[in-house]
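Asks: Please see the structure below; I have some questions.
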Protein chains: 2
Amino acid sequence: MNQLQRIGWIGTGVMGSLMCGHLMDHGYPMTVYNRSREKAASLIERGARWAETPAEVARQSDIIFTMVGLPSDVREVYFGENGVLAGVKTGAVLVDMTTSEPTLAVEISKAAADLGCSALDAPVSGGDVGARNATLSIMVGGDARAMARVEPLLAHLGRTIVHQGPAGAGQHAKMCNQVVIAGTMIGVCEAMVYGHRAGLAMETVLESISGGAAGCWSLQNLAPRILRRDFAPGFMVEHFIKDMGIALTEARRMSLAMPGLALVEQLYLALKANDGGRLGTQALVLALEKINNLQPPA
Amino acid sequence: MNQLQRIGWIGTGVMGSLMCGHLMDHGYPMTVYNRSREKAASLIERGARWAETPAEVARQSDIIFTMVGLPSDVREVYFGENGVLAGVKTGAVLVDMTTSEPTLAVEISKAAADLGCSALDAPVSGGDVGARNATLSIMVGGDARAMARVEPLLAHLGRTIVHQGPAGAGQHAKMCNQVVIAGTMIGVCEAMVYGHRAGLAMETVLESISGGAAGCWSLQNLAPRILRRDFAPGFMVEHFIKDMGIALTEARRMSLAMPGLALVEQLYLALKANDGGRLGTQALVLALEKINNLQPPA
């Protein structure tokens, strides 16, 4: 009975808190850990039990979710001295929902198997809005039976839950997502600076081009923000740089040239060097304006 | 009265024939010219009058549409010895619907004004399907009063008809469209080769990523064709290369760096060098497979 399963949640940032909260709303007993305890305060108030270490979460849980920042954080949370693998019980399922390295997912999966457990990689797309509304797309890699065990839980977090293959396949699928986004971002942002330099009213151009073969989420959702000079993060530049770095590292490992992604990463790195790391990904237009000595439109 | 206006149509290829046919369906008296007369045969059968030169079309028409191939064809059709400008009558409106150079559109507009006429640039997006169903997006540059005169005619050809600004602005808006597409194409095709090399089932990946921030027309419409190894042209590589060349030439003229578009053009040129010029734009994936020594999936 899923209702009796004890859940652990490690990583209670913006996304993690929202997702963990949904599981609590559905009545699951919850133990939480986060590097800084303050970010878990509201979950604790709502009844979650606090644990001092990831190992302690693991000792008290049948299914353990992790949603942290960098692959190095994932490594520490699983393999660290007081990590999940130091406390996990036989038969537990570990679910890393961080966007992280496919090879690290394979490593975790093997270590878990050695301990008689299962591990899944299950990164998401949909951002904080998707986390809040439980409409995330969840891309799952790992053993299909382990996935079947956690699927009722994932169904409380997202709307599109797809098994992508063995360990690491969820992360690889997420990388495909990010690679497409990198393309749409450079296309949209270069079109914006081209139109700007050509003297077009870009609002009017969007009327003509949004409905056809140029149509994309980024054009629909981010181009209007660029026009308002709204660079607040939906998805933050630093996080996107992390993801592109993972994809390019994996591509390098597979001897795969991805010239488009490599170029887009370079421009985002330049944007970060110009203090754009905490802006939203639509701020790529700022990097293109900068290299082109283009003044922001009035 | 629009019904009394005599229409001329120059360029009766796939797109031009379909569009010209719509105007004939609405009862407009039509004179046509095409470099090879055979391609105008069905229009002539339906009652269009044949003219031996663009100048002859212009002499017999109040409103003259052109839909040809390259900017050099546009130049010849307008400025050639027996070109439109050699025959055009005072007060006529010239409408070039070819995707062509913004600077050439300005040149035509000035030459037309010197003869007491108006010229509009009015390139379209939507392809042969949009031409057939009269659902094109038409981006218009030039004098707003001239546009008002031809708008009832354009309304028979397309669904989204937007005035983008002075002469050349229609062409510039179309370039924005193509710049975005270049980005979506590199994103989608690099994601396909990444997923392929990583051993993913890309049909399954598309289930996870099509509905979110990676969502775009190219992913929706062209990725499935790539999976079926269907490289038949919706939009042909050579035509896209022509358009990217126009955008990059204009960008050069404006001292605007567009590194993403420049890269995508290079890959399409390599594809053309490998006999891919007559394939559809989704064949970009073949160029990426080639540089990566990636065998087509079974």
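Following the order of the structure tokens, first chain is A, next is B, and so on, with residues numbered from 1 inside each chain and ligands from 1 in the order they appear.
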For chain B, list the residues within 6 Å of chain A, counting only C-alpha atoms, and write the list as a ChimeraX atom specification.

Replies: /B:173,176-177,179-181,183-184,186-188,191,205,209,213-217,256,292

Asks: Please provide the set of residues having any atom within 10 Å of A:Gly11, restricted to only C-alpha atoms, with same-chain residues fewer than 5 positions apart removed, written as a short mmCIF file (atom, residue, chain, number, x, y, z; two decimals) with N, CA, C and O atoms, in the first residue's frame.

Replies:
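Below is the file out19.cif, written as the result:
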```cif
data_model
loop_
_atom_site.label_atom_id
_atom_site.label_comp_id
_atom_site.auth_asym_id
_atom_site.auth_seq_id
_atom_site.Cartn_x
_atom_site.Cartn_y
_atom_site.Cartn_z
N GLY A 16 11.92 21.56 -5.08
CA GLY A 16 11.80 20.44 -4.15
C GLY A 16 10.69 20.65 -3.12
O GLY A 16 9.93 19.72 -2.83
N SER A 17 10.60 21.86 -2.58
CA SER A 17 9.57 22.13 -1.57
C SER A 17 8.17 21.94 -2.13
O SER A 17 7.29 21.35 -1.49
N CYS A 20 7.65 18.09 -2.79
CA CYS A 20 7.53 17.40 -1.51
C CYS A 20 6.17 17.72 -0.87
O CYS A 20 5.49 16.83 -0.34
N VAL A 32 12.43 14.95 5.87
CA VAL A 32 13.13 15.85 4.95
C VAL A 32 14.53 16.20 5.44
O VAL A 32 14.82 16.19 6.64
N TYR A 33 15.38 16.51 4.48
CA TYR A 33 16.71 17.06 4.77
C TYR A 33 17.04 18.10 3.72
O TYR A 33 16.69 17.95 2.55
N ASN A 34 17.71 19.14 4.16
CA ASN A 34 18.22 20.15 3.23
C ASN A 34 19.50 20.72 3.83
O ASN A 34 19.68 20.73 5.04
N ARG A 35 20.40 21.19 2.96
CA ARG A 35 21.68 21.71 3.45
C ARG A 35 21.44 22.83 4.45
O ARG A 35 22.05 22.88 5.49
N SER A 36 20.53 23.76 4.09
CA SER A 36 20.16 24.78 5.08
C SER A 36 18.75 24.46 5.55
O SER A 36 17.80 24.40 4.77
N ARG A 37 18.64 24.28 6.89
CA ARG A 37 17.38 23.82 7.45
C ARG A 37 16.23 24.81 7.24
O ARG A 37 15.07 24.41 7.13
N LYS A 39 15.19 26.37 4.76
CA LYS A 39 14.37 26.16 3.56
C LYS A 39 13.40 24.98 3.70
O LYS A 39 12.55 24.77 2.84
N ALA A 40 13.56 24.22 4.79
CA ALA A 40 12.62 23.12 5.03
C ALA A 40 11.58 23.50 6.09
O ALA A 40 10.68 22.72 6.40
N PRO A 54 21.45 13.09 5.04
CA PRO A 54 20.80 12.24 4.03
C PRO A 54 20.73 10.78 4.49
O PRO A 54 19.73 10.11 4.24
N PHE A 65 13.48 10.62 -2.40
CA PHE A 65 13.63 11.55 -3.53
C PHE A 65 14.76 12.54 -3.24
O PHE A 65 14.89 12.98 -2.10
N THR A 66 15.51 12.87 -4.29
CA THR A 66 16.51 13.92 -4.16
C THR A 66 16.29 14.94 -5.26
O THR A 66 16.00 14.61 -6.40
N MET A 67 16.41 16.21 -4.89
CA MET A 67 16.22 17.32 -5.84
C MET A 67 17.15 18.42 -5.37
O MET A 67 16.76 19.29 -4.58
N VAL A 68 18.41 18.31 -5.83
CA VAL A 68 19.41 19.27 -5.35
C VAL A 68 19.91 20.12 -6.51
O VAL A 68 19.17 20.33 -7.49
N GLY A 69 21.14 20.65 -6.43
CA GLY A 69 21.57 21.63 -7.43
C GLY A 69 22.45 21.04 -8.52
O GLY A 69 22.00 20.73 -9.62
N ASP A 73 26.61 18.10 -6.01
CA ASP A 73 25.72 17.97 -4.86
C ASP A 73 25.07 16.59 -4.84
O ASP A 73 24.91 15.98 -3.78
N VAL A 74 24.66 16.13 -6.01
CA VAL A 74 24.07 14.79 -6.10
C VAL A 74 25.06 13.76 -5.60
O VAL A 74 24.73 12.88 -4.79
N VAL A 77 25.36 13.94 -1.86
CA VAL A 77 24.15 13.46 -1.19
C VAL A 77 24.06 11.93 -1.22
O VAL A 77 23.60 11.32 -0.25
N MET A 97 15.71 13.43 -8.86
CA MET A 97 14.97 14.27 -9.79
C MET A 97 15.78 15.50 -10.21
O MET A 97 15.31 16.32 -11.01
N THR A 98 16.98 15.63 -9.67
CA THR A 98 17.89 16.69 -10.12
C THR A 98 18.23 16.48 -11.58
O THR A 98 18.37 15.35 -12.03
#
```

Asks: Residues of stretch 42-261 of chain A classed as helix (DSSP H, G or I) by DSSP on the backbone are to be reported as a ChimeraX atom specification.

Replies: /A:42-45,54-59,71-79,84-87,102-114,127-133,144-154,169-197,202-209,217-221,223-227,237-253,259-261

Asks: Among the residues of stretch 124-219 of chain A, find those DSSP assigns to strand (DSSP E or B) from the backbone and print them as number ranges by chain.

Replies: A: 124-125, 136-141, 158-165, 216

Asks: Restricting the calculation to only C-alpha atoms, which member of A:Leu157, A:Leu94, A:Ala105, A:Ala144 is positioned closest to A:Asp25?

Replies: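 Among A:Leu157, A:Leu94, A:Ala105, A:Ala144, it is A:Leu157 that comes nearest to A:Asp25.
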
Asks: Report, in Å to a single decimal, how far apart atom CA of A:Ala298 and atom CA of A:Leu222 are.

Replies: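 Computing it gives 18.6 Å between the two atoms.
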